[in-house]
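Next comes start15.cif, with mmCIF, C-alpha atoms.
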```cif
data_coords
loop_
_atom_site.label_atom_id
_atom_site.label_comp_id
_atom_site.auth_asym_id
_atom_site.auth_seq_id
_atom_site.Cartn_x
_atom_site.Cartn_y
_atom_site.Cartn_z
CA MET A 26 33.45 -11.81 -26.49
CA LYS A 27 35.33 -8.55 -26.20
CA ALA A 28 32.08 -6.63 -26.64
CA TYR A 29 30.51 -8.67 -23.85
CA ARG A 30 33.45 -7.81 -21.57
CA ARG A 31 32.79 -4.13 -22.19
CA ILE A 32 29.09 -4.58 -21.46
CA GLU A 33 29.96 -6.38 -18.25
CA MET A 34 32.27 -3.58 -17.24
CA SER A 35 29.74 -0.84 -17.86
CA VAL A 36 27.12 -2.82 -15.92
CA GLY A 37 29.65 -3.04 -13.10
CA VAL A 38 30.16 0.73 -13.16
CA PHE A 39 26.38 1.26 -13.21
CA VAL A 40 25.75 -1.04 -10.26
CA LEU A 41 28.61 0.55 -8.32
CA LEU A 42 27.25 4.05 -8.97
CA GLY A 43 23.77 2.96 -7.94
CA ILE A 44 25.00 1.33 -4.74
CA MET A 45 27.08 4.42 -3.95
CA ALA A 46 23.95 6.54 -4.41
CA ILE A 47 21.99 4.20 -2.11
CA GLY A 48 24.79 4.30 0.46
CA TRP A 49 25.03 8.08 0.36
CA LEU A 50 21.28 8.44 0.82
CA ALA A 51 21.27 6.03 3.75
CA LEU A 52 24.39 7.21 5.54
CA LYS A 53 24.52 10.92 4.82
CA VAL A 54 20.91 11.94 4.39
CA GLY A 55 19.15 9.26 6.45
CA GLN A 56 21.91 9.01 9.06
CA VAL A 57 21.68 5.32 9.74
CA GLY A 58 25.02 5.88 11.49
CA GLY A 59 26.64 2.68 12.71
CA LEU A 60 23.41 0.66 12.73
CA GLY A 61 22.82 0.43 16.50
CA GLU A 62 21.64 3.56 18.25
CA SER A 63 24.25 5.55 20.07
CA GLY A 64 24.00 7.69 23.17
CA TYR A 65 21.71 7.13 26.14
CA THR A 66 18.05 7.80 26.84
CA LEU A 67 16.29 9.99 29.36
CA VAL A 68 12.59 10.29 30.06
CA ALA A 69 10.60 13.48 30.53
CA SER A 70 6.88 14.09 31.02
CA PHE A 71 5.09 17.16 29.77
CA ASN A 72 1.58 18.44 30.24
CA ASP A 73 1.53 19.54 26.62
CA ALA A 74 3.93 18.21 24.02
CA GLY A 75 2.66 20.73 21.48
CA GLY A 76 2.65 18.27 18.59
CA MET A 77 6.26 17.21 19.12
CA ARG A 78 7.11 14.07 17.18
CA SER A 79 9.80 11.43 17.28
CA GLY A 80 12.90 12.50 15.41
CA GLY A 81 12.64 16.05 16.73
CA ASP A 82 15.74 17.88 17.93
CA ILE A 83 16.96 18.19 21.49
CA MET A 84 19.05 21.29 22.03
CA MET A 85 21.20 22.72 24.74
CA ALA A 86 22.55 26.24 24.44
CA GLY A 87 21.37 26.21 20.83
CA VAL A 88 23.38 23.11 19.93
CA THR A 89 21.67 19.89 18.89
CA ILE A 90 22.59 17.22 21.44
CA GLY A 91 20.16 14.46 20.52
CA ARG A 92 16.88 13.35 19.02
CA ILE A 93 13.52 12.34 20.36
CA ASP A 94 12.95 8.59 20.28
CA SER A 95 9.24 8.51 21.03
CA VAL A 96 6.32 10.54 22.31
CA THR A 97 3.53 8.63 24.04
CA LEU A 98 0.54 9.41 26.20
CA THR A 99 0.76 8.13 29.80
CA ASN A 100 -2.03 7.93 32.37
CA ASN A 101 -4.34 9.43 29.75
CA GLU A 102 -3.14 12.92 30.52
CA GLN A 103 0.59 13.41 30.17
CA ALA A 104 2.95 13.23 27.24
CA THR A 105 6.02 11.15 27.96
CA MET A 106 9.02 11.59 25.73
CA VAL A 107 12.02 9.35 25.44
CA LEU A 108 15.00 11.58 24.71
CA ARG A 109 18.08 10.10 23.10
CA ILE A 110 21.09 12.16 24.15
CA ASN A 111 24.40 11.93 22.33
CA GLU A 112 27.29 10.13 24.00
CA GLY A 113 29.50 12.48 25.98
CA VAL A 114 26.81 15.03 26.82
CA LYS A 115 26.24 15.09 30.56
CA ILE A 116 23.01 16.43 31.99
CA THR A 117 22.68 17.39 35.65
CA GLU A 118 19.99 15.86 37.83
CA ASP A 119 18.26 19.18 38.40
CA SER A 120 18.23 20.16 34.72
CA PHE A 121 15.16 21.62 33.12
CA ALA A 122 13.43 20.51 29.89
CA SER A 123 11.02 22.67 27.90
CA VAL A 124 9.26 22.38 24.57
CA ARG A 125 10.16 25.39 22.42
CA THR A 126 9.58 26.59 18.89
CA LYS A 127 12.22 27.62 16.38
CA GLY A 128 11.09 31.00 15.12
CA ILE A 129 7.39 31.77 14.95
CA ILE A 130 6.16 29.02 12.65
CA GLY A 131 9.19 26.80 12.98
CA ASP A 132 9.62 23.30 14.32
CA ARG A 133 9.16 22.33 17.92
CA TYR A 134 12.23 21.18 19.81
CA VAL A 135 13.08 20.23 23.35
CA ARG A 136 15.43 22.60 25.11
CA ILE A 137 17.42 21.33 28.05
CA THR A 138 18.93 23.81 30.48
CA GLN A 139 21.60 22.60 32.90
CA GLY A 140 21.06 22.90 36.62
CA SER A 141 23.67 23.53 39.26
CA GLU A 142 24.16 20.08 40.82
CA ASP A 143 27.25 17.97 40.33
CA THR A 144 25.49 14.65 39.85
CA PHE A 145 24.52 13.65 36.35
CA LEU A 146 21.56 11.68 35.02
CA THR A 147 22.22 8.18 33.74
CA SER A 148 20.39 6.19 31.08
CA GLY A 149 16.68 5.69 31.75
CA GLN A 150 16.38 8.36 34.44
CA GLU A 151 13.83 11.11 34.32
CA ILE A 152 14.17 14.86 33.95
CA GLU A 153 11.66 15.96 36.53
CA GLU A 154 11.38 19.65 35.89
CA THR A 155 9.61 20.32 32.63
CA GLU A 156 7.79 23.16 30.97
CA SER A 157 5.11 22.54 28.37
CA ALA A 158 4.87 23.98 24.92
CA ILE A 159 3.87 27.61 24.81
CA ASN A 160 0.67 27.83 22.87
CA ILE A 161 0.35 31.10 21.00
CA GLU A 162 -3.44 30.80 20.79
CA ASP A 163 -3.65 30.42 24.58
CA LEU A 164 -1.48 33.49 25.04
CA ILE A 165 -3.57 35.54 22.65
CA SER A 166 -6.87 34.48 24.21
CA LYS A 167 -5.48 35.19 27.68
CA TYR A 168 -4.51 38.66 26.48
CA ILE A 169 -7.89 39.34 24.84
CA PHE A 170 -9.96 38.18 27.81
CA SER A 171 -7.80 39.91 30.40
CA GLY A 172 -8.33 43.19 28.55
CA LYS A 173 -12.12 42.84 28.85
CA ASP A 174 -12.50 43.25 32.60
CA MET B 9 -40.46 -2.65 -30.60
CA ASN B 10 -42.07 -0.72 -27.75
CA HIS B 11 -40.47 1.99 -25.72
CA SER B 12 -39.52 0.03 -22.62
CA SER B 13 -37.76 -2.71 -24.50
CA VAL B 14 -35.58 -0.16 -26.31
CA LYS B 15 -34.60 1.27 -22.94
CA GLN B 16 -33.97 -2.16 -21.56
CA SER B 17 -31.79 -3.22 -24.41
CA PHE B 18 -29.81 -0.01 -24.12
CA LEU B 19 -29.25 -0.64 -20.42
CA ALA B 20 -28.34 -4.23 -21.11
CA LEU B 21 -25.86 -3.11 -23.72
CA PHE B 22 -24.34 -0.51 -21.42
CA PHE B 23 -23.95 -2.80 -18.43
CA GLY B 24 -22.89 -5.65 -20.62
CA ARG B 25 -20.11 -3.60 -22.10
CA LEU B 26 -19.06 -2.20 -18.71
CA GLY B 27 -18.97 -5.68 -17.25
CA ARG B 28 -16.97 -6.97 -20.18
CA TYR B 29 -14.37 -4.21 -19.83
CA ALA B 30 -14.11 -4.78 -16.07
CA LEU B 31 -13.74 -8.53 -16.46
CA HIS B 32 -11.21 -8.05 -19.24
CA GLY B 33 -9.20 -5.69 -17.03
CA VAL B 34 -9.17 -8.06 -14.08
CA GLU B 35 -8.31 -10.94 -16.38
CA GLN B 36 -5.35 -9.02 -17.81
CA VAL B 37 -4.00 -8.16 -14.38
CA GLY B 38 -4.34 -11.77 -13.32
CA ASP B 39 -2.73 -13.01 -16.53
CA ALA B 40 0.18 -10.60 -16.21
CA SER B 41 0.78 -11.53 -12.58
CA MET B 42 0.61 -15.25 -13.33
CA LEU B 43 3.02 -14.91 -16.25
CA GLY B 44 5.41 -12.77 -14.21
CA LEU B 45 5.33 -15.12 -11.23
CA ARG B 46 5.74 -18.17 -13.49
CA ALA B 47 8.82 -16.55 -15.01
CA LEU B 48 10.15 -15.60 -11.56
CA SER B 49 9.64 -19.14 -10.27
CA LEU B 50 12.30 -20.18 -12.78
CA LEU B 51 14.86 -17.90 -11.08
CA PHE B 52 16.56 -20.72 -9.17
CA VAL B 53 16.20 -23.33 -11.86
CA ARG B 54 19.12 -24.32 -14.07
CA PRO B 55 20.37 -23.22 -16.56
CA TRP B 56 21.30 -19.92 -14.93
CA GLN B 57 20.48 -16.88 -17.02
CA GLY B 58 23.40 -14.79 -15.72
CA LYS B 59 24.65 -13.63 -19.09
CA HIS B 60 21.21 -12.61 -20.31
CA PHE B 61 20.59 -10.85 -17.04
CA ILE B 62 23.80 -8.82 -17.46
CA LEU B 63 22.82 -7.95 -21.05
CA GLN B 64 19.40 -6.76 -19.87
CA LEU B 65 20.91 -4.80 -17.00
CA TYR B 66 23.11 -3.14 -19.59
CA ALA B 67 20.20 -2.30 -21.88
CA LEU B 68 17.89 -1.11 -19.09
CA GLY B 69 20.27 0.26 -16.51
CA VAL B 70 23.27 1.64 -18.31
CA GLY B 71 21.13 2.66 -21.26
CA SER B 72 18.75 4.67 -19.09
CA MET B 73 21.43 6.40 -17.06
CA VAL B 74 21.89 9.46 -19.25
CA ILE B 75 18.18 10.20 -19.43
CA ILE B 76 17.83 9.66 -15.67
CA ILE B 77 20.68 12.06 -14.94
CA ILE B 78 19.26 14.72 -17.26
CA THR B 79 15.72 14.38 -15.84
CA GLY B 80 17.02 14.35 -12.28
CA ALA B 81 19.14 17.43 -12.84
CA PHE B 82 16.36 19.52 -14.34
CA THR B 83 13.82 18.32 -11.78
CA GLY B 84 16.09 19.38 -8.93
CA MET B 85 16.85 22.69 -10.61
CA VAL B 86 13.25 23.65 -11.24
CA LEU B 87 12.21 22.55 -7.75
CA ALA B 88 14.89 24.78 -6.25
CA LEU B 89 13.78 27.69 -8.40
CA GLN B 90 10.08 27.27 -7.64
CA GLY B 91 10.67 26.48 -3.99
CA TYR B 92 12.92 29.50 -3.58
CA TYR B 93 10.38 32.01 -4.83
CA THR B 94 7.62 30.49 -2.69
CA LEU B 95 9.72 30.22 0.47
CA ALA B 96 11.22 33.70 0.02
CA LYS B 97 7.75 35.16 0.54
CA PHE B 98 7.81 33.78 4.10
CA GLY B 99 11.48 34.49 4.66
CA SER B 100 12.26 30.82 5.08
CA GLU B 101 14.66 30.20 2.20
CA SER B 102 16.71 28.05 4.55
CA LEU B 103 14.06 25.33 4.20
CA LEU B 104 14.83 25.02 0.48
CA GLY B 105 17.10 21.99 0.96
CA ALA B 106 14.45 20.16 2.96
CA GLY B 107 11.76 20.98 0.38
CA VAL B 108 13.80 19.87 -2.61
CA GLY B 109 15.15 16.78 -0.85
CA LEU B 110 11.83 15.60 0.52
CA SER B 111 9.89 16.03 -2.69
CA ILE B 112 12.57 14.31 -4.76
CA ILE B 113 13.24 11.40 -2.40
CA ARG B 114 9.62 10.69 -1.55
CA GLU B 115 7.77 11.41 -4.78
CA LEU B 116 9.50 12.76 -7.83
CA GLY B 117 12.49 10.45 -7.84
CA PRO B 118 10.54 7.19 -7.92
CA VAL B 119 7.66 8.46 -10.09
CA LEU B 120 9.55 10.52 -12.69
CA GLY B 121 12.32 7.95 -12.71
CA ALA B 122 9.79 5.20 -13.37
CA PHE B 123 8.19 7.24 -16.18
CA MET B 124 11.53 7.75 -17.87
CA ILE B 125 12.39 4.07 -17.52
CA ILE B 126 8.99 3.05 -18.92
CA GLY B 127 9.48 5.32 -21.92
CA ARG B 128 13.09 4.42 -22.49
CA ALA B 129 13.27 0.75 -21.56
CA GLY B 130 9.75 -0.57 -20.99
CA SER B 131 8.58 0.19 -24.50
CA SER B 132 11.66 -1.45 -25.99
CA ILE B 133 11.08 -4.59 -23.90
CA THR B 134 7.52 -4.92 -25.22
CA ALA B 135 8.47 -4.20 -28.81
CA GLU B 136 11.40 -6.61 -28.67
CA ILE B 137 9.40 -9.49 -27.24
CA GLY B 138 6.48 -8.70 -29.55
CA ILE B 139 8.70 -8.92 -32.60
CA MET B 140 10.22 -12.14 -31.29
CA ARG B 141 6.67 -13.50 -31.28
CA VAL B 142 6.00 -12.20 -34.82
CA THR B 143 9.15 -13.75 -36.20
CA GLU B 144 8.49 -16.95 -34.23
CA GLN B 145 11.77 -16.75 -32.37
CA THR B 146 10.07 -17.89 -29.18
CA ASP B 147 8.83 -21.00 -30.94
CA ALA B 148 12.32 -21.60 -32.23
CA LEU B 149 13.65 -21.39 -28.68
CA GLU B 150 11.08 -23.91 -27.55
CA MET B 151 12.14 -26.22 -30.37
CA MET B 152 15.66 -26.08 -28.93
CA ALA B 153 14.25 -27.01 -25.52
CA ILE B 154 14.93 -23.55 -24.15
CA ASN B 155 12.10 -22.19 -22.05
CA PRO B 156 11.35 -18.73 -23.51
CA MET B 157 9.92 -17.66 -20.17
CA GLN B 158 13.21 -18.37 -18.50
CA ARG B 159 15.39 -17.04 -21.31
CA ILE B 160 13.40 -13.97 -22.33
CA LEU B 161 11.00 -12.89 -19.58
CA LEU B 162 12.92 -13.74 -16.42
CA PRO B 163 16.13 -11.75 -17.09
CA ARG B 164 14.09 -8.70 -18.09
CA ILE B 165 11.88 -8.76 -14.98
CA VAL B 166 14.83 -9.31 -12.64
CA ALA B 167 16.79 -6.58 -14.42
CA THR B 168 14.00 -4.00 -14.00
CA VAL B 169 13.55 -4.90 -10.32
CA ILE B 170 17.26 -4.29 -9.74
CA ALA B 171 17.85 -1.41 -12.16
CA VAL B 172 14.92 0.81 -11.12
CA PRO B 173 15.96 1.33 -7.45
CA LEU B 174 19.56 1.97 -8.54
CA LEU B 175 18.45 4.48 -11.19
CA VAL B 176 16.04 6.15 -8.77
CA SER B 177 18.82 6.57 -6.18
CA ILE B 178 21.01 8.15 -8.85
CA PHE B 179 18.07 10.41 -9.81
CA ASP B 180 17.65 11.44 -6.14
CA ILE B 181 21.28 12.42 -5.72
CA VAL B 182 21.58 14.24 -9.02
CA GLY B 183 18.35 16.10 -8.19
CA ILE B 184 19.53 17.13 -4.72
CA ALA B 185 22.92 18.19 -6.09
CA SER B 186 21.47 20.26 -8.92
CA GLY B 187 18.98 21.82 -6.50
CA TYR B 188 22.01 22.78 -4.44
CA VAL B 189 23.70 24.36 -7.44
CA VAL B 190 20.65 26.48 -8.30
CA GLY B 191 19.70 27.29 -4.71
CA VAL B 192 23.11 28.03 -3.29
CA GLU B 193 25.21 29.13 -6.24
CA LEU B 194 22.62 31.00 -8.29
CA LEU B 195 20.01 32.19 -5.78
CA GLY B 196 22.29 32.65 -2.80
CA VAL B 197 20.66 30.44 -0.18
CA ASN B 198 22.87 29.87 2.83
CA GLN B 199 25.09 26.99 1.84
CA GLY B 200 25.16 25.33 5.26
CA ALA B 201 21.41 25.66 5.67
CA TYR B 202 20.61 23.75 2.46
CA MET B 203 22.38 20.54 3.45
CA ALA B 204 21.74 20.86 7.19
CA GLU B 205 17.97 21.29 6.77
CA LEU B 206 17.90 18.52 4.18
CA ILE B 207 19.66 16.11 6.53
CA ALA B 208 17.63 17.20 9.55
CA LYS B 209 14.21 16.94 7.88
CA ILE B 210 14.64 13.72 5.93
CA THR B 211 14.39 10.59 8.00
CA MET B 212 15.23 7.02 7.09
CA VAL B 213 11.49 6.30 6.72
CA ASP B 214 11.30 8.77 3.81
CA ILE B 215 14.24 7.10 2.11
CA TYR B 216 12.90 3.58 2.67
CA GLY B 217 9.56 4.74 1.29
CA GLY B 218 11.26 5.92 -1.91
CA TRP B 219 13.13 2.65 -2.30
CA ILE B 220 10.08 0.51 -1.68
CA LYS B 221 8.25 2.49 -4.35
CA ALA B 222 11.16 2.02 -6.74
CA ILE B 223 11.29 -1.76 -6.18
CA VAL B 224 7.52 -2.15 -6.60
CA PHE B 225 7.55 0.04 -9.74
CA GLY B 226 10.46 -1.99 -11.12
CA PHE B 227 8.59 -5.23 -10.60
CA MET B 228 5.42 -3.80 -12.09
CA ILE B 229 7.14 -2.32 -15.14
CA GLY B 230 8.98 -5.58 -15.79
CA MET B 231 5.83 -7.64 -15.44
CA ILE B 232 3.54 -5.45 -17.54
CA CYS B 233 6.01 -4.80 -20.35
CA THR B 234 7.05 -8.42 -20.74
CA PHE B 235 3.43 -9.56 -20.54
CA MET B 236 2.29 -7.10 -23.21
CA GLY B 237 5.05 -8.20 -25.50
CA TYR B 238 4.54 -11.90 -24.88
CA ARG B 239 0.80 -11.72 -25.42
CA SER B 240 0.80 -9.27 -28.31
CA GLU B 241 -0.88 -10.30 -31.53
CA PRO B 242 1.72 -11.60 -33.96
CA THR B 243 1.16 -8.80 -36.47
CA THR B 244 2.76 -5.43 -37.10
CA GLU B 245 -0.27 -3.61 -35.72
CA GLY B 246 -0.46 -6.02 -32.81
CA VAL B 247 3.08 -5.17 -31.70
CA ALA B 248 2.46 -1.44 -32.14
CA LYS B 249 -0.74 -1.67 -30.12
CA SER B 250 0.74 -3.67 -27.29
CA THR B 251 3.76 -1.34 -27.07
CA THR B 252 1.47 1.65 -26.67
CA GLU B 253 -0.64 -0.25 -24.18
CA ALA B 254 2.40 -1.31 -22.16
CA VAL B 255 3.52 2.32 -21.79
CA VAL B 256 0.05 3.60 -20.92
CA VAL B 257 -0.83 0.81 -18.50
CA SER B 258 2.50 0.91 -16.67
CA SER B 259 2.44 4.73 -16.39
CA VAL B 260 -1.08 4.78 -14.98
CA GLY B 261 -0.21 1.83 -12.75
CA VAL B 262 2.79 3.73 -11.39
CA LEU B 263 0.59 6.67 -10.43
CA ILE B 264 -2.07 4.51 -8.78
CA ILE B 265 0.38 2.34 -6.86
CA ASP B 266 2.31 5.47 -5.89
CA TYR B 267 -0.77 6.82 -4.16
CA ILE B 268 -1.43 3.53 -2.40
CA ILE B 269 2.13 3.15 -1.12
CA THR B 270 2.26 6.80 -0.03
CA SER B 271 -0.97 6.42 1.93
CA PHE B 272 0.57 3.51 3.80
CA PHE B 273 3.66 5.51 4.72
CA LEU B 274 2.02 8.64 6.05
#
```
Please express the file's structure as structure tokens.
Amino acid sequence: MKAYRRIEMSVGVFVLLGIMAIGWLALKVGQVGGLGESGYTLVASFNDAGGMRSGGDIMMAGVTIGRIDSVTLTNNEQATMVLRINEGVKITEDSFASVRTKGIIGDRYVRITQGSEDTFLTSGQEIEETESAINIEDLISKYIFSGKD
Amino acid sequence: MNHSSVKQSFLALFFGRLGRYALHGVEQVGDASMLGLRALSLLFVRPWQGKHFILQLYALGVGSMVIIIITGAFTGMVLALQGYYTLAKFGSESLLGAGVGLSIIRELGPVLGAFMIIGRAGSSITAEIGIMRVTEQTDALEMMAINPMQRILLPRIVATVIAVPLLVSIFDIVGIASGYVVGVELLGVNQGAYMAELIAKITMVDIYGGWIKAIVFGFMIGMICTFMGYRSEPTTEGVAKSTTEAVVVSSVGVLIIDYIITSFFL
């Protein structure tokens, strides 16, 4: 019986360790964070999302302030993104969103630049001024063909 | 015998044999699934097998922990080393954390973990049950009105289903931590970048994918290893053969199912 107690105890330690590992993976690495989603959402339409995907970063002044919820095609021509902005970050109505690249081959992210107005966007509103992803191939071809004439 | 009939009989032999192997394979898969599901259907039937389940969890889970930690540690270390020298060529060492984390959580954790568990625990399940058959212990149980499926198969299958995801999660964390030690402490990758990139690049979908793999592998390992033991020929060679077969079939099965699950998640 005493041996069985020891077995039970070591199984308990094993299960606890395993559940701690699962919890750490979910909370720290996966960032399930408080189950429900926090923050508020804004919408922005781009002519070219440049391969941006949900889960991508949203940055302001080089600081991550949210993540992209979804990227969908609207009216068969524009990319509409739902941006989830962290609680407490206020974005002015005349702010400006652009798709940028970290480094040369890095990830795409959405950069938001504040405008000058005093009124702030609330959940569900749209950032109207946007700039599409800069496509290096387009730039290069523009440069090559402009040199020809 | 003329020429064409020789050819015909050769073809007949070839296709006959191929067909027999294929049918045998399908039959085995069906048999194993039926046996596993029959055992599982006894999960909520009295008498409860709690004590046997704990004993199996001890043998499979606690017993496999050391080997899982060692494998996880060296996998993480070698990934960090290999990843570092590849990434350094592009000047993106900061992505090391993401590379190590993603490959361990999505692929190597579940697959290598499952391999270790098959070698360490799966083979012992088959051998144990096989020898129980040889020594007629299962018949003795039946004589005492104890259902051997419920007493022997069920706790082992349930224990693998529960132990494999736990062991794989431990493997993941040990791997990431040892990758950190090699990457940051030995090779001098930026210490903030390792964890930050890892957390930024790995989404919950990746982690769920790893767990789903682990649960499916656990179920498959439990089912195949108990089936091989239960159906092994009651001779010394029979047990040896079915133990080998259990290890081979479950390892190959892990690889095949791994590909299928991965293709669903991407």
The PyMOL selection byres ((chain A and resi 80) around 10) resolved against shown file, as an NGL selection string: (:A and (77-79 or 81-83 or 91-96 or 108-109 or 134)) or (:B and (208-211))
(Q) Using only C-alpha atoms, which protein or nucleic acid residues come within 10 Å of segment 118-121 of chain A? Drop anything in the same chain fewer than 4 positions from it, and give the result as a ChimeraX atom specification. (A) /A:69,136-147,150-156
Could you produce a table of the residues of chain B lying within 10 Å of chain A, with the nearest pair of atoms per residue and their separation in Å rounded to one decimal, using only C-alpha atoms, ordered by chain and increasing residue number, as CSV?
```
residue,atom,partner,partner_atom,distance
B:Lys59,CA,A:Glu33,CA,9.0
B:Ile62,CA,A:Glu33,CA,6.7
B:Leu63,CA,A:Ile32,CA,7.1
B:Gln64,CA,A:Val36,CA,9.5
B:Leu65,CA,A:Val36,CA,6.6
B:Tyr66,CA,A:Val36,CA,5.4
B:Ala67,CA,A:Val36,CA,9.1
B:Leu68,CA,A:Val36,CA,9.9
B:Gly69,CA,A:Phe39,CA,7.0
B:Val70,CA,A:Phe39,CA,6.0
B:Gly71,CA,A:Phe39,CA,9.7
B:Met73,CA,A:Phe39,CA,8.1
B:Phe98,CA,A:Ile130,CA,9.9
B:Ser100,CA,A:Gly131,CA,9.4
B:Gly109,CA,A:Val54,CA,9.2
B:Ile113,CA,A:Leu50,CA,9.2
B:Ile170,CA,A:Val40,CA,9.1
B:Ala171,CA,A:Val40,CA,8.1
B:Val172,CA,A:Gly43,CA,9.6
B:Pro173,CA,A:Gly43,CA,8.0
B:Leu174,CA,A:Gly43,CA,4.4
B:Leu175,CA,A:Gly43,CA,6.4
B:Val176,CA,A:Gly43,CA,8.4
B:Ser177,CA,A:Ala46,CA,5.4
B:Ile178,CA,A:Ala46,CA,5.6
B:Phe179,CA,A:Ala46,CA,8.9
B:Asp180,CA,A:Ala46,CA,8.2
B:Ile181,CA,A:Ala46,CA,6.6
B:Val182,CA,A:Ala46,CA,9.3
B:Met203,CA,A:Val54,CA,8.8
B:Ala204,CA,A:Val54,CA,9.4
B:Leu206,CA,A:Val54,CA,7.2
B:Ile207,CA,A:Val54,CA,4.9
B:Ala208,CA,A:Val54,CA,8.1
B:Lys209,CA,A:Gly80,CA,8.8
B:Ile210,CA,A:Gly55,CA,6.4
B:Thr211,CA,A:Gly55,CA,5.2
B:Met212,CA,A:Gly55,CA,4.6
B:Val213,CA,A:Gly55,CA,8.2
B:Asp214,CA,A:Gly55,CA,8.3
B:Ile215,CA,A:Gly55,CA,6.9
B:Tyr216,CA,A:Ala51,CA,8.8
B:Trp219,CA,A:Ile47,CA,9.0
```
Determine the residue membership of the PyMOL selection byres ((chain B and resi 87) around 12) for the file above and supply it as an mmCIF file with C-alpha atoms, in the coordinates of the input.
```
data_model
loop_
_atom_site.group_PDB
_atom_site.id
_atom_site.type_symbol
_atom_site.label_atom_id
_atom_site.label_comp_id
_atom_site.auth_asym_id
_atom_site.auth_seq_id
_atom_site.Cartn_x
_atom_site.Cartn_y
_atom_site.Cartn_z
ATOM 1 C CA GLY B 80 17.020 14.350 -12.280
ATOM 2 C CA ALA B 81 19.140 17.430 -12.840
ATOM 3 C CA PHE B 82 16.360 19.520 -14.340
ATOM 4 C CA THR B 83 13.820 18.320 -11.780
ATOM 5 C CA GLY B 84 16.090 19.380 -8.930
ATOM 6 C CA MET B 85 16.850 22.690 -10.610
ATOM 7 C CA VAL B 86 13.250 23.650 -11.240
ATOM 8 C CA ALA B 88 14.890 24.780 -6.250
ATOM 9 C CA LEU B 89 13.780 27.690 -8.400
ATOM 10 C CA GLN B 90 10.080 27.270 -7.640
ATOM 11 C CA GLY B 91 10.670 26.480 -3.990
ATOM 12 C CA TYR B 92 12.920 29.500 -3.580
ATOM 13 C CA TYR B 93 10.380 32.010 -4.830
ATOM 14 C CA THR B 94 7.620 30.490 -2.690
ATOM 15 C CA LEU B 95 9.720 30.220 0.470
ATOM 16 C CA LEU B 104 14.830 25.020 0.480
ATOM 17 C CA GLY B 105 17.100 21.990 0.960
ATOM 18 C CA ALA B 106 14.450 20.160 2.960
ATOM 19 C CA GLY B 107 11.760 20.980 0.380
ATOM 20 C CA VAL B 108 13.800 19.870 -2.610
ATOM 21 C CA GLY B 109 15.150 16.780 -0.850
ATOM 22 C CA LEU B 110 11.830 15.600 0.520
ATOM 23 C CA SER B 111 9.890 16.030 -2.690
ATOM 24 C CA ILE B 112 12.570 14.310 -4.760
ATOM 25 C CA LEU B 116 9.500 12.760 -7.830
ATOM 26 C CA GLY B 183 18.350 16.100 -8.190
ATOM 27 C CA ILE B 184 19.530 17.130 -4.720
ATOM 28 C CA ALA B 185 22.920 18.190 -6.090
ATOM 29 C CA SER B 186 21.470 20.260 -8.920
ATOM 30 C CA GLY B 187 18.980 21.820 -6.500
ATOM 31 C CA TYR B 188 22.010 22.780 -4.440
ATOM 32 C CA VAL B 189 23.700 24.360 -7.440
ATOM 33 C CA VAL B 190 20.650 26.480 -8.300
ATOM 34 C CA GLY B 191 19.700 27.290 -4.710
#
```
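Pairwise distance (atom CA of Leu48 of chain B, atom CA of Pro163 of chain B) equals 9.0 Å.
Nearest to Thr97 of chain A of all the residues A:Ser171, A:Ser70, A:Asn111, A:Ser123 is A:Ser70, based on all atoms listed in the file.
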task = Excluding segment 256-272 of chain B and any residue of its chain fewer than 2 positions from it, enumerate the residues within 9 Å of it, using all atoms listed in the file, and give them as an MDAnalysis selection string.
result = chainID B and resid 114:115 118:119 122:123 126:127 130 217 220:221 224:225 228:229 232:233 251:254 274
Convert the current residue selection to file output with C-alpha atoms, as a PDB file, keeping the file's coordinate frame.
```pdb
ATOM      1  CA  ARG B 114       9.620  10.690  -1.550  1.00  0.00           C
ATOM      2  CA  GLU B 115       7.770  11.410  -4.780  1.00  0.00           C
ATOM      3  CA  PRO B 118      10.540   7.190  -7.920  1.00  0.00           C
ATOM      4  CA  VAL B 119       7.660   8.460 -10.090  1.00  0.00           C
ATOM      5  CA  ALA B 122       9.790   5.200 -13.370  1.00  0.00           C
ATOM      6  CA  PHE B 123       8.190   7.240 -16.180  1.00  0.00           C
ATOM      7  CA  ILE B 126       8.990   3.050 -18.920  1.00  0.00           C
ATOM      8  CA  GLY B 127       9.480   5.320 -21.920  1.00  0.00           C
ATOM      9  CA  GLY B 130       9.750  -0.570 -20.990  1.00  0.00           C
ATOM     10  CA  GLY B 217       9.560   4.740   1.290  1.00  0.00           C
ATOM     11  CA  ILE B 220      10.080   0.510  -1.680  1.00  0.00           C
ATOM     12  CA  LYS B 221       8.250   2.490  -4.350  1.00  0.00           C
ATOM     13  CA  VAL B 224       7.520  -2.150  -6.600  1.00  0.00           C
ATOM     14  CA  PHE B 225       7.550   0.040  -9.740  1.00  0.00           C
ATOM     15  CA  MET B 228       5.420  -3.800 -12.090  1.00  0.00           C
ATOM     16  CA  ILE B 229       7.140  -2.320 -15.140  1.00  0.00           C
ATOM     17  CA  ILE B 232       3.540  -5.450 -17.540  1.00  0.00           C
ATOM     18  CA  CYS B 233       6.010  -4.800 -20.350  1.00  0.00           C
ATOM     19  CA  THR B 251       3.760  -1.340 -27.070  1.00  0.00           C
ATOM     20  CA  THR B 252       1.470   1.650 -26.670  1.00  0.00           C
ATOM     21  CA  GLU B 253      -0.640  -0.250 -24.180  1.00  0.00           C
ATOM     22  CA  ALA B 254       2.400  -1.310 -22.160  1.00  0.00           C
ATOM     23  CA  LEU B 274       2.020   8.640   6.050  1.00  0.00           C
TER      24      LEU B 274
END
```
